[in-house]
Number of protein chains: 2
Amino acid sequence: MGDRMTELEGAVLGVIWSLGPITAYGVVQRFAASTTRGWSSSTGAIYPAIKRLTREGFIESTPELEDRRSTRRLTLTEAGKTALRDWIMGLEDWMGGSAVDPVRTRMNYIGILSRAQQLALVEKARGNARRALDEIANFEPDPGHHREGVAIAARGVQADVEARIRWLDQTLALLER
Amino acid sequence: MGDRMTELEGAVLGVIWSLGPITAYGVVQRFAASTTRGWSSSTGAIYPAIKRLTREGFIESTPELEDRRSTRRLTLTEAGKTALRDWIMGLEDWMGGSAVDPVRTRMNYIGILSRAQQLALVEKARGNARRALDEIANFEPDPGHHREGVAIAARGVQADVEARIRWLDQTLALLER
DNA sequence: GGCTCCATGTAAGGAGTTACATGATTCA
DNA sequence: TGAATCATGTAACTCCTTACATGGAGCC
């Protein structure tokens, strides 16, 4: 792609690289199963993305002959691997600061709420975070060929959610005081 | 709005509530100045959002008479305040887990990189995070009428980025070993 | 035979991005 | 007077979401 790839396109290349040969449907399932909420997992996003990436020559699509569904197995071409590397290394300067987060965004404006509502909001957020942490703990990744990166990312998610819970606990103590 | 508001719309209501009366241009500047990267701050997103919210009756727009630019000061209507409260309290179950993050996403696929590239990536991410932390430390929020929420959100951002740096430090140690 | 899952797609609509256009005000 | 900033907006484009459509495979 002459211009930069979207996060979805990059992630699709990554999934095909680590889990491929895989069907487009499999890619969709993979996104749906992610513990990280916010991934689309909608066919209306992923199929067109795969089509674009195929058109660029990054994905090779070979039909499964023993299946009369129009099943096709996807793998990365050499150009696709290069594109994946470039996408990963093309981390922008602003990435790695704090991303937009729906909980923090809302927290800015809790002054408009009653104290009871504020407490309810923070407790709800903490409940959400705890549930997410459980989900992460129980999650076992697909047996892809390359586990190291997945394990590192998983620790990142965990550290993130744990820090959030500590923050919410402090906030709760502050508001209850 | 019959259907749910977007994050941008909610945040716009929040900014107008906490900083208003404020011009649309001022709202744009406020987003641009945010330490949280990922906010649009594009007129092509914010002006139409304000238009939608005005159409819904959430924003009142009064022309500034002593200014021949078409300057208008925005404030929230009562319906707008209710909508802001509903948006804040309408935190979905999945919010508060981990959001999509460009650094973590890429980390999943570092297996395709050489060890040198892996180290470069992690170091770059850590540099980004450190810079973000500095920016947060030096940031002083606008003197809005309601500081408590802003202070809480700021602590959240700080905790988030600090956790990220610890994670990246560990990852670096792991990869260098 | 019917239900569930596998598998691939498209159509309509909405929201955000980039880039452009226009003009007033302020300050050196 | 010229440049930077204040101030409002639109047009084209891209991508994502929701919803729908279609049909084969596997299992009870």
# chains A, B, ... in the order shown; residues from 1 in each chain; ligands from 1
$ residues_around --residues "region 18-26 of chain D" --least-positions-apart "5" --cutoff "10 Å" --atoms "only C-alpha atoms (C1' of nucleotides)" --output "PyMOL selection string"
(chain A and resi 42+44+67-71) or (chain C and resi 4-13)
$ interface_residues --of "chain D" --to "chain B" --cutoff "8 Å" --atoms "only C-alpha atoms (C1' of nucleotides)" --output "tab-separated table (two decimals) with all heavy atoms, in the first residue's frame"
chain	number	residue	atom	x	y	z
D	6	DC	P	-5.74	31.64	18.58
D	6	DC	OP1	-5.71	31.88	20.04
D	6	DC	OP2	-5.57	30.29	18.02
D	6	DC	O5'	-7.10	32.24	18.03
D	6	DC	C5'	-7.48	33.57	18.38
D	6	DC	C4'	-8.76	33.94	17.67
D	6	DC	O4'	-8.52	33.93	16.24
D	6	DC	C3'	-9.93	32.98	17.92
D	6	DC	O3'	-11.09	33.73	18.22
D	6	DC	C2'	-10.06	32.20	16.61
D	6	DC	C1'	-9.59	33.25	15.60
D	6	DC	N1	-9.07	32.71	14.31
D	6	DC	C2	-9.61	33.14	13.10
D	6	DC	O2	-10.55	33.95	13.13
D	6	DC	N3	-9.12	32.66	11.93
D	6	DC	C4	-8.10	31.79	11.95
D	6	DC	N4	-7.64	31.34	10.77
D	6	DC	C5	-7.52	31.34	13.17
D	6	DC	C6	-8.02	31.82	14.32
D	7	DA	P	-12.33	33.07	18.87
D	7	DA	OP1	-13.19	34.15	19.40
D	7	DA	OP2	-11.84	32.01	19.75
D	7	DA	O5'	-13.04	32.39	17.61
D	7	DA	C5'	-13.81	33.21	16.74
D	7	DA	C4'	-14.26	32.45	15.53
D	7	DA	O4'	-13.18	32.28	14.58
D	7	DA	C3'	-14.73	31.00	15.73
D	7	DA	O3'	-16.13	31.00	15.99
D	7	DA	C2'	-14.39	30.32	14.41
D	7	DA	C1'	-13.66	31.39	13.62
D	7	DA	N9	-12.55	30.88	12.81
D	7	DA	C8	-11.39	30.28	13.25
D	7	DA	N7	-10.59	29.90	12.27
D	7	DA	C5	-11.27	30.27	11.12
D	7	DA	C6	-10.96	30.14	9.74
D	7	DA	N6	-9.85	29.58	9.30
D	7	DA	N1	-11.87	30.61	8.85
D	7	DA	C2	-13.00	31.17	9.31
D	7	DA	N3	-13.39	31.36	10.58
D	7	DA	C4	-12.48	30.87	11.44
D	8	DT	P	-16.92	29.62	15.99
D	8	DT	OP1	-18.20	29.91	16.64
D	8	DT	OP2	-16.05	28.55	16.49
D	8	DT	O5'	-17.20	29.35	14.44
D	8	DT	C5'	-17.91	30.32	13.70
D	8	DT	C4'	-18.09	29.85	12.28
D	8	DT	O4'	-16.80	29.72	11.63
D	8	DT	C3'	-18.75	28.47	12.17
D	8	DT	O3'	-19.98	28.56	11.45
D	8	DT	C2'	-17.72	27.61	11.43
D	8	DT	C1'	-16.87	28.66	10.73
D	8	DT	N1	-15.48	28.16	10.43
D	8	DT	C2	-15.06	28.14	9.13
D	8	DT	O2	-15.74	28.53	8.20
D	8	DT	N3	-13.80	27.64	8.94
D	8	DT	C4	-12.93	27.17	9.93
D	8	DT	O4	-11.83	26.75	9.64
D	8	DT	C5	-13.45	27.24	11.27
D	8	DT	C7	-12.60	26.77	12.42
D	8	DT	C6	-14.68	27.72	11.47
D	9	DG	P	-21.03	27.40	11.48
D	9	DG	OP1	-22.32	27.93	11.04
D	9	DG	OP2	-20.91	26.69	12.75
D	9	DG	O5'	-20.44	26.46	10.34
D	9	DG	C5'	-20.71	26.89	9.06
D	9	DG	C4'	-19.74	26.31	8.08
D	9	DG	O4'	-18.38	26.21	8.55
D	9	DG	C3'	-20.01	24.89	7.65
D	9	DG	O3'	-21.05	24.90	6.70
D	9	DG	C2'	-18.68	24.47	7.02
D	9	DG	C1'	-17.70	25.55	7.51
D	9	DG	N9	-16.42	25.04	7.93
D	9	DG	C8	-15.97	24.80	9.20
D	9	DG	N7	-14.74	24.34	9.24
D	9	DG	C5	-14.36	24.28	7.91
D	9	DG	C6	-13.14	23.85	7.32
D	9	DG	O6	-12.12	23.43	7.88
D	9	DG	N1	-13.19	23.94	5.93
D	9	DG	C2	-14.27	24.39	5.20
D	9	DG	N2	-14.15	24.41	3.88
D	9	DG	N3	-15.41	24.81	5.74
D	9	DG	C4	-15.39	24.71	7.09
$ closest_atom_pairs --of "chain C" --to "chain B" --cutoff "8 Å" --atoms "only C-alpha atoms (C1' of nucleotides)" --output "Markdown table"
| residue | atom | partner | partner_atom | distance |
| --- | --- | --- | --- | --- |
| C:DA15 | C1' | B:Ala45 | CA | 7.8 |
| C:DG16 | C1' | B:Ala45 | CA | 5.8 |
| C:DT17 | C1' | B:Gly44 | CA | 7.5 |
| C:DG23 | C1' | B:Arg69 | CA | 7.6 |
| C:DA24 | C1' | B:Arg69 | CA | 5.2 |
$ write_last_selection --atoms "C-alpha atoms (C1' of nucleotides)" --output "PDB file, in the first residue's frame"
ATOM      1  C1'  DA C  15     -18.900   8.924  11.168  1.00  0.00           C
ATOM      2  C1'  DG C  16     -14.207  10.463  10.838  1.00  0.00           C
ATOM      3  C1'  DT C  17      -9.971  12.261   7.985  1.00  0.00           C
ATOM      4  C1'  DG C  23     -13.228  36.032   6.195  1.00  0.00           C
ATOM      5  C1'  DA C  24     -12.434  38.871  10.759  1.00  0.00           C
TER       6       DA C  24
END
$ residues_around --residues "Trp167 (chain B)" --least-positions-apart "3" --cutoff "8 Å" --atoms "only C-alpha atoms (C1' of nucleotides)" --output "number ranges by chain"
A: 155-156, 159; B: 163-164, 170-171
$ write_last_selection --atoms "N, CA, C and O atoms" --output "CSV table (one decimal), in the first residue's frame"
chain,number,residue,atom,x,y,z
A,155,ARG,N,0.8,-10.1,28.7
A,155,ARG,CA,1.2,-9.5,30.0
A,155,ARG,C,1.0,-8.0,30.0
A,155,ARG,O,0.7,-7.4,31.0
A,156,GLY,N,1.1,-7.4,28.8
A,156,GLY,CA,0.8,-5.9,28.7
A,156,GLY,C,-0.7,-5.6,29.0
A,156,GLY,O,-1.0,-4.7,29.7
A,159,ALA,N,-1.2,-6.0,32.8
A,159,ALA,CA,-0.6,-4.9,33.5
A,159,ALA,C,-1.5,-3.7,33.4
A,159,ALA,O,-1.7,-3.0,34.4
B,163,ALA,N,2.4,2.1,34.0
B,163,ALA,CA,2.3,0.6,33.9
B,163,ALA,C,2.9,0.1,32.6
B,163,ALA,O,3.5,-0.9,32.5
B,164,ARG,N,2.6,0.9,31.6
B,164,ARG,CA,3.1,0.6,30.3
B,164,ARG,C,4.7,0.6,30.3
B,164,ARG,O,5.3,-0.3,29.7
B,170,GLN,N,10.3,-4.7,31.4
B,170,GLN,CA,10.3,-6.1,31.6
B,170,GLN,C,10.5,-6.8,30.3
B,170,GLN,O,11.3,-7.8,30.2
B,171,THR,N,9.8,-6.3,29.3
B,171,THR,CA,9.9,-7.0,28.0
B,171,THR,C,11.3,-6.8,27.4
B,171,THR,O,11.9,-7.8,26.8
$ select_by_dssp --residues "region 29-143 of chain B" --states "helix (DSSP H, G or I)" --output "mmCIF file with N, CA, C and O atoms, in the first residue's frame"
data_model
loop_
_atom_site.group_PDB
_atom_site.id
_atom_site.type_symbol
_atom_site.label_atom_id
_atom_site.label_comp_id
_atom_site.auth_asym_id
_atom_site.auth_seq_id
_atom_site.Cartn_x
_atom_site.Cartn_y
_atom_site.Cartn_z
ATOM 1 N N GLN B 29 -9.786 23.418 19.707
ATOM 2 C CA GLN B 29 -8.488 23.659 20.348
ATOM 3 C C GLN B 29 -8.314 22.775 21.566
ATOM 4 O O GLN B 29 -7.235 22.248 21.830
ATOM 5 N N ARG B 30 -9.399 22.618 22.318
ATOM 6 C CA ARG B 30 -9.348 21.809 23.523
ATOM 7 C C ARG B 30 -8.980 20.360 23.199
ATOM 8 O O ARG B 30 -8.167 19.756 23.876
ATOM 9 N N PHE B 31 -9.573 19.824 22.137
ATOM 10 C CA PHE B 31 -9.247 18.449 21.749
ATOM 11 C C PHE B 31 -7.804 18.358 21.268
ATOM 12 O O PHE B 31 -7.100 17.403 21.558
ATOM 13 N N ALA B 32 -7.386 19.381 20.531
ATOM 14 C CA ALA B 32 -6.023 19.369 20.006
ATOM 15 C C ALA B 32 -5.006 19.412 21.140
ATOM 16 O O ALA B 32 -3.915 18.846 21.033
ATOM 17 N N ALA B 33 -5.362 20.051 22.251
ATOM 18 C CA ALA B 33 -4.419 20.218 23.354
ATOM 19 C C ALA B 33 -4.410 19.017 24.288
ATOM 20 O O ALA B 33 -3.556 18.910 25.165
ATOM 21 N N THR B 43 -11.759 19.686 12.315
ATOM 22 C CA THR B 43 -12.990 20.463 12.156
ATOM 23 C C THR B 43 -14.051 19.644 11.427
ATOM 24 O O THR B 43 -15.228 19.787 11.705
ATOM 25 N N GLY B 44 -13.589 18.811 10.534
ATOM 26 C CA GLY B 44 -14.520 17.985 9.768
ATOM 27 C C GLY B 44 -15.263 16.966 10.605
ATOM 28 O O GLY B 44 -16.249 16.394 10.151
ATOM 29 N N ALA B 45 -14.785 16.722 11.816
ATOM 30 C CA ALA B 45 -15.511 15.828 12.721
ATOM 31 C C ALA B 45 -16.289 16.630 13.755
ATOM 32 O O ALA B 45 -17.431 16.309 14.065
ATOM 33 N N ILE B 46 -15.659 17.680 14.276
ATOM 34 C CA ILE B 46 -16.243 18.373 15.431
ATOM 35 C C ILE B 46 -17.385 19.304 15.041
ATOM 36 O O ILE B 46 -18.428 19.309 15.689
ATOM 37 N N TYR B 47 -17.207 20.070 13.980
ATOM 38 C CA TYR B 47 -18.307 20.955 13.579
ATOM 39 C C TYR B 47 -19.580 20.180 13.253
ATOM 40 O O TYR B 47 -20.654 20.539 13.737
ATOM 41 N N PRO B 48 -19.488 19.119 12.458
ATOM 42 C CA PRO B 48 -20.714 18.332 12.220
ATOM 43 C C PRO B 48 -21.286 17.728 13.503
ATOM 44 O O PRO B 48 -22.509 17.658 13.648
ATOM 45 N N ALA B 49 -20.426 17.321 14.432
ATOM 46 C CA ALA B 49 -20.928 16.758 15.695
ATOM 47 C C ALA B 49 -21.703 17.816 16.462
ATOM 48 O O ALA B 49 -22.790 17.549 16.989
ATOM 49 N N ILE B 50 -21.156 19.027 16.502
ATOM 50 C CA ILE B 50 -21.849 20.118 17.199
ATOM 51 C C ILE B 50 -23.174 20.427 16.512
ATOM 52 O O ILE B 50 -24.191 20.671 17.163
ATOM 53 N N LYS B 51 -23.159 20.354 15.214
ATOM 54 C CA LYS B 51 -24.394 20.589 14.470
ATOM 55 C C LYS B 51 -25.455 19.552 14.831
ATOM 56 O O LYS B 51 -26.615 19.870 15.082
ATOM 57 N N ARG B 52 -25.034 18.282 14.860
ATOM 58 C CA ARG B 52 -25.978 17.215 15.240
ATOM 59 C C ARG B 52 -26.536 17.449 16.644
ATOM 60 O O ARG B 52 -27.742 17.341 16.868
ATOM 61 N N LEU B 53 -25.643 17.760 17.571
ATOM 62 C CA LEU B 53 -26.063 17.925 18.964
ATOM 63 C C LEU B 53 -26.964 19.145 19.135
ATOM 64 O O LEU B 53 -27.856 19.156 19.972
ATOM 65 N N THR B 54 -26.712 20.158 18.319
ATOM 66 C CA THR B 54 -27.571 21.340 18.357
ATOM 67 C C THR B 54 -28.956 20.997 17.824
ATOM 68 O O THR B 54 -29.977 21.400 18.384
ATOM 69 N N ARG B 55 -28.962 20.214 16.739
ATOM 70 C CA ARG B 55 -30.226 19.799 16.143
ATOM 71 C C ARG B 55 -31.066 18.997 17.137
ATOM 72 O O ARG B 55 -32.293 19.096 17.159
ATOM 73 N N GLU B 78 -30.740 22.171 29.284
ATOM 74 C CA GLU B 78 -31.064 21.178 30.315
ATOM 75 C C GLU B 78 -31.086 19.780 29.701
ATOM 76 O O GLU B 78 -30.580 18.824 30.287
ATOM 77 N N ALA B 79 -31.676 19.675 28.501
ATOM 78 C CA ALA B 79 -31.689 18.380 27.813
ATOM 79 C C ALA B 79 -30.267 17.906 27.538
ATOM 80 O O ALA B 79 -29.977 16.710 27.608
ATOM 81 N N GLY B 80 -29.399 18.846 27.250
ATOM 82 C CA GLY B 80 -28.001 18.516 26.987
ATOM 83 C C GLY B 80 -27.328 17.967 28.236
ATOM 84 O O GLY B 80 -26.550 17.004 28.169
ATOM 85 N N LYS B 81 -27.618 18.579 29.388
ATOM 86 C CA LYS B 81 -27.039 18.084 30.642
ATOM 87 C C LYS B 81 -27.535 16.676 30.936
ATOM 88 O O LYS B 81 -26.761 15.805 31.358
ATOM 89 N N THR B 82 -28.806 16.461 30.707
ATOM 90 C CA THR B 82 -29.368 15.115 30.910
ATOM 91 C C THR B 82 -28.693 14.122 29.974
ATOM 92 O O THR B 82 -28.329 13.011 30.375
ATOM 93 N N ALA B 83 -28.517 14.534 28.730
ATOM 94 C CA ALA B 83 -27.873 13.645 27.750
ATOM 95 C C ALA B 83 -26.436 13.331 28.167
ATOM 96 O O ALA B 83 -25.977 12.193 28.023
ATOM 97 N N LEU B 84 -25.735 14.339 28.706
ATOM 98 C CA LEU B 84 -24.365 14.117 29.163
ATOM 99 C C LEU B 84 -24.344 13.115 30.307
ATOM 100 O O LEU B 84 -23.556 12.165 30.309
ATOM 101 N N ARG B 85 -25.252 13.318 31.295
ATOM 102 C CA ARG B 85 -25.342 12.370 32.415
ATOM 103 C C ARG B 85 -25.637 10.964 31.912
ATOM 104 O O ARG B 85 -24.999 9.995 32.319
ATOM 105 N N ASP B 86 -26.600 10.858 30.987
ATOM 106 C CA ASP B 86 -26.973 9.528 30.467
ATOM 107 C C ASP B 86 -25.806 8.881 29.729
ATOM 108 O O ASP B 86 -25.576 7.682 29.843
ATOM 109 N N TRP B 87 -25.075 9.702 28.993
ATOM 110 C CA TRP B 87 -23.938 9.155 28.247
ATOM 111 C C TRP B 87 -22.885 8.643 29.215
ATOM 112 O O TRP B 87 -22.344 7.546 29.031
ATOM 113 N N ILE B 88 -22.589 9.417 30.249
ATOM 114 C CA ILE B 88 -21.580 8.991 31.223
ATOM 115 C C ILE B 88 -22.016 7.704 31.914
ATOM 116 O O ILE B 88 -21.273 6.730 32.001
ATOM 117 N N MET B 89 -23.260 7.686 32.400
ATOM 118 C CA MET B 89 -23.740 6.525 33.152
ATOM 119 C C MET B 89 -23.983 5.325 32.237
ATOM 120 O O MET B 89 -24.074 4.196 32.711
ATOM 121 N N PRO B 102 -2.220 0.290 19.818
ATOM 122 C CA PRO B 102 -1.321 0.020 18.697
ATOM 123 C C PRO B 102 -0.019 -0.666 19.087
ATOM 124 O O PRO B 102 0.505 -1.466 18.315
ATOM 125 N N VAL B 103 0.493 -0.373 20.290
ATOM 126 C CA VAL B 103 1.745 -1.009 20.703
ATOM 127 C C VAL B 103 1.517 -2.485 21.009
ATOM 128 O O VAL B 103 2.240 -3.356 20.523
ATOM 129 N N ARG B 104 0.481 -2.757 21.821
ATOM 130 C CA ARG B 104 0.204 -4.156 22.161
ATOM 131 C C ARG B 104 -0.156 -4.963 20.926
ATOM 132 O O ARG B 104 0.262 -6.113 20.778
ATOM 133 N N THR B 105 -0.940 -4.374 20.044
ATOM 134 C CA THR B 105 -1.330 -5.081 18.823
ATOM 135 C C THR B 105 -0.093 -5.546 18.074
ATOM 136 O O THR B 105 0.026 -6.715 17.697
ATOM 137 N N ARG B 106 0.846 -4.633 17.882
ATOM 138 C CA ARG B 106 2.064 -4.975 17.147
ATOM 139 C C ARG B 106 2.883 -6.024 17.881
ATOM 140 O O ARG B 106 3.524 -6.866 17.264
ATOM 141 N N MET B 107 2.878 -5.938 19.205
ATOM 142 C CA MET B 107 3.721 -6.846 19.987
ATOM 143 C C MET B 107 3.358 -8.310 19.719
ATOM 144 O O MET B 107 4.218 -9.187 19.786
ATOM 145 N N ILE B 110 5.716 -9.773 16.872
ATOM 146 C CA ILE B 110 7.137 -9.462 16.781
ATOM 147 C C ILE B 110 7.974 -10.680 16.408
ATOM 148 O O ILE B 110 9.151 -10.543 16.076
ATOM 149 N N GLY B 111 7.343 -11.850 16.430
ATOM 150 C CA GLY B 111 8.056 -13.057 16.012
ATOM 151 C C GLY B 111 8.554 -12.989 14.589
ATOM 152 O O GLY B 111 9.489 -13.697 14.202
ATOM 153 N N ILE B 112 7.961 -12.118 13.794
ATOM 154 C CA ILE B 112 8.393 -12.011 12.390
ATOM 155 C C ILE B 112 9.615 -11.109 12.257
ATOM 156 O O ILE B 112 10.232 -11.049 11.185
ATOM 157 N N ARG B 115 15.788 -10.098 16.049
ATOM 158 C CA ARG B 115 15.920 -9.696 17.457
ATOM 159 C C ARG B 115 16.299 -8.218 17.556
ATOM 160 O O ARG B 115 15.798 -7.494 18.404
ATOM 161 N N ALA B 116 17.135 -7.753 16.649
ATOM 162 C CA ALA B 116 17.531 -6.338 16.672
ATOM 163 C C ALA B 116 16.325 -5.433 16.427
ATOM 164 O O ALA B 116 16.149 -4.413 17.096
ATOM 165 N N GLN B 117 15.491 -5.846 15.490
ATOM 166 C CA GLN B 117 14.290 -5.059 15.219
ATOM 167 C C GLN B 117 13.339 -5.074 16.409
ATOM 168 O O GLN B 117 12.720 -4.058 16.738
ATOM 169 N N GLN B 118 13.234 -6.230 17.039
ATOM 170 C CA GLN B 118 12.376 -6.336 18.216
ATOM 171 C C GLN B 118 12.816 -5.347 19.285
ATOM 172 O O GLN B 118 12.001 -4.609 19.851
ATOM 173 N N LEU B 119 14.126 -5.322 19.540
ATOM 174 C CA LEU B 119 14.646 -4.404 20.553
ATOM 175 C C LEU B 119 14.393 -2.955 20.167
ATOM 176 O O LEU B 119 13.993 -2.140 20.991
ATOM 177 N N ALA B 120 14.600 -2.656 18.889
ATOM 178 C CA ALA B 120 14.378 -1.280 18.420
ATOM 179 C C ALA B 120 12.920 -0.877 18.624
ATOM 180 O O ALA B 120 12.622 0.241 19.066
ATOM 181 N N LEU B 121 12.028 -1.810 18.333
ATOM 182 C CA LEU B 121 10.599 -1.518 18.476
ATOM 183 C C LEU B 121 10.247 -1.229 19.926
ATOM 184 O O LEU B 121 9.594 -0.216 20.232
ATOM 185 N N VAL B 122 10.689 -2.097 20.806
ATOM 186 C CA VAL B 122 10.349 -1.927 22.221
ATOM 187 C C VAL B 122 10.970 -0.650 22.764
ATOM 188 O O VAL B 122 10.341 0.096 23.527
ATOM 189 N N GLU B 123 12.190 -0.354 22.343
ATOM 190 C CA GLU B 123 12.823 0.881 22.808
ATOM 191 C C GLU B 123 12.090 2.115 22.288
ATOM 192 O O GLU B 123 11.918 3.092 23.011
ATOM 193 N N LYS B 124 11.666 2.036 21.066
ATOM 194 C CA LYS B 124 10.895 3.163 20.519
ATOM 195 C C LYS B 124 9.598 3.357 21.295
ATOM 196 O O LYS B 124 9.228 4.482 21.654
ATOM 197 N N ALA B 125 8.915 2.249 21.579
ATOM 198 C CA ALA B 125 7.655 2.325 22.322
ATOM 199 C C ALA B 125 7.892 2.913 23.711
ATOM 200 O O ALA B 125 7.108 3.731 24.199
ATOM 201 N N ARG B 126 9.016 2.498 24.324
ATOM 202 C CA ARG B 126 9.311 3.020 25.656
ATOM 203 C C ARG B 126 9.623 4.508 25.593
ATOM 204 O O ARG B 126 9.189 5.284 26.446
ATOM 205 N N GLY B 127 10.345 4.916 24.569
ATOM 206 C CA GLY B 127 10.615 6.340 24.384
ATOM 207 C C GLY B 127 9.326 7.136 24.226
ATOM 208 O O GLY B 127 9.155 8.184 24.852
ATOM 209 N N ASN B 128 8.439 6.605 23.429
ATOM 210 C CA ASN B 128 7.140 7.262 23.247
ATOM 211 C C ASN B 128 6.410 7.406 24.581
ATOM 212 O O ASN B 128 5.838 8.464 24.878
ATOM 213 N N ALA B 129 6.435 6.334 25.355
ATOM 214 C CA ALA B 129 5.725 6.346 26.633
ATOM 215 C C ALA B 129 6.358 7.355 27.590
ATOM 216 O O ALA B 129 5.654 8.095 28.286
ATOM 217 N N ARG B 130 7.690 7.407 27.610
ATOM 218 C CA ARG B 130 8.361 8.361 28.496
ATOM 219 C C ARG B 130 8.031 9.791 28.117
ATOM 220 O O ARG B 130 7.787 10.638 28.965
ATOM 221 N N ARG B 131 8.027 10.049 26.819
ATOM 222 C CA ARG B 131 7.682 11.391 26.365
ATOM 223 C C ARG B 131 6.252 11.749 26.782
ATOM 224 O O ARG B 131 5.970 12.854 27.227
ATOM 225 N N ALA B 132 5.359 10.761 26.626
ATOM 226 C CA ALA B 132 3.967 10.987 27.014
ATOM 227 C C ALA B 132 3.871 11.317 28.498
ATOM 228 O O ALA B 132 3.126 12.210 28.908
ATOM 229 N N LEU B 133 4.682 10.621 29.297
ATOM 230 C CA LEU B 133 4.659 10.843 30.745
ATOM 231 C C LEU B 133 5.120 12.258 31.082
ATOM 232 O O LEU B 133 4.525 12.930 31.934
ATOM 233 N N ASP B 134 6.175 12.716 30.411
ATOM 234 C CA ASP B 134 6.633 14.095 30.604
ATOM 235 C C ASP B 134 5.530 15.081 30.283
ATOM 236 O O ASP B 134 5.280 16.029 31.023
ATOM 237 N N GLU B 135 4.904 14.827 29.155
ATOM 238 C CA GLU B 135 3.858 15.726 28.697
ATOM 239 C C GLU B 135 2.739 15.818 29.733
ATOM 240 O O GLU B 135 2.223 16.899 30.029
ATOM 241 N N ILE B 136 2.395 14.653 30.279
ATOM 242 C CA ILE B 136 1.344 14.609 31.294
ATOM 243 C C ILE B 136 1.765 15.384 32.528
ATOM 244 O O ILE B 136 0.990 16.143 33.108
ATOM 245 N N ALA B 137 3.031 15.210 32.924
ATOM 246 C CA ALA B 137 3.520 15.887 34.136
ATOM 247 C C ALA B 137 3.489 17.399 33.970
ATOM 248 O O ALA B 137 3.186 18.140 34.904
ATOM 249 N N ASN B 138 3.794 17.862 32.769
ATOM 250 C CA ASN B 138 3.848 19.308 32.530
ATOM 251 C C ASN B 138 2.507 19.916 32.153
ATOM 252 O O ASN B 138 2.410 21.116 31.937
#
$ atom_distance --atom1 "CA of His146 (chain B)" --atom2 "CA of Leu74 (chain B)"
17.4 Å
$ residues_around --residues "DG2 (chain D)" --least-positions-apart "4" --cutoff "12 Å" --atoms "only C-alpha atoms (C1' of nucleotides)" --output "list in words"
DT26, DC27 and DA28 of chain C
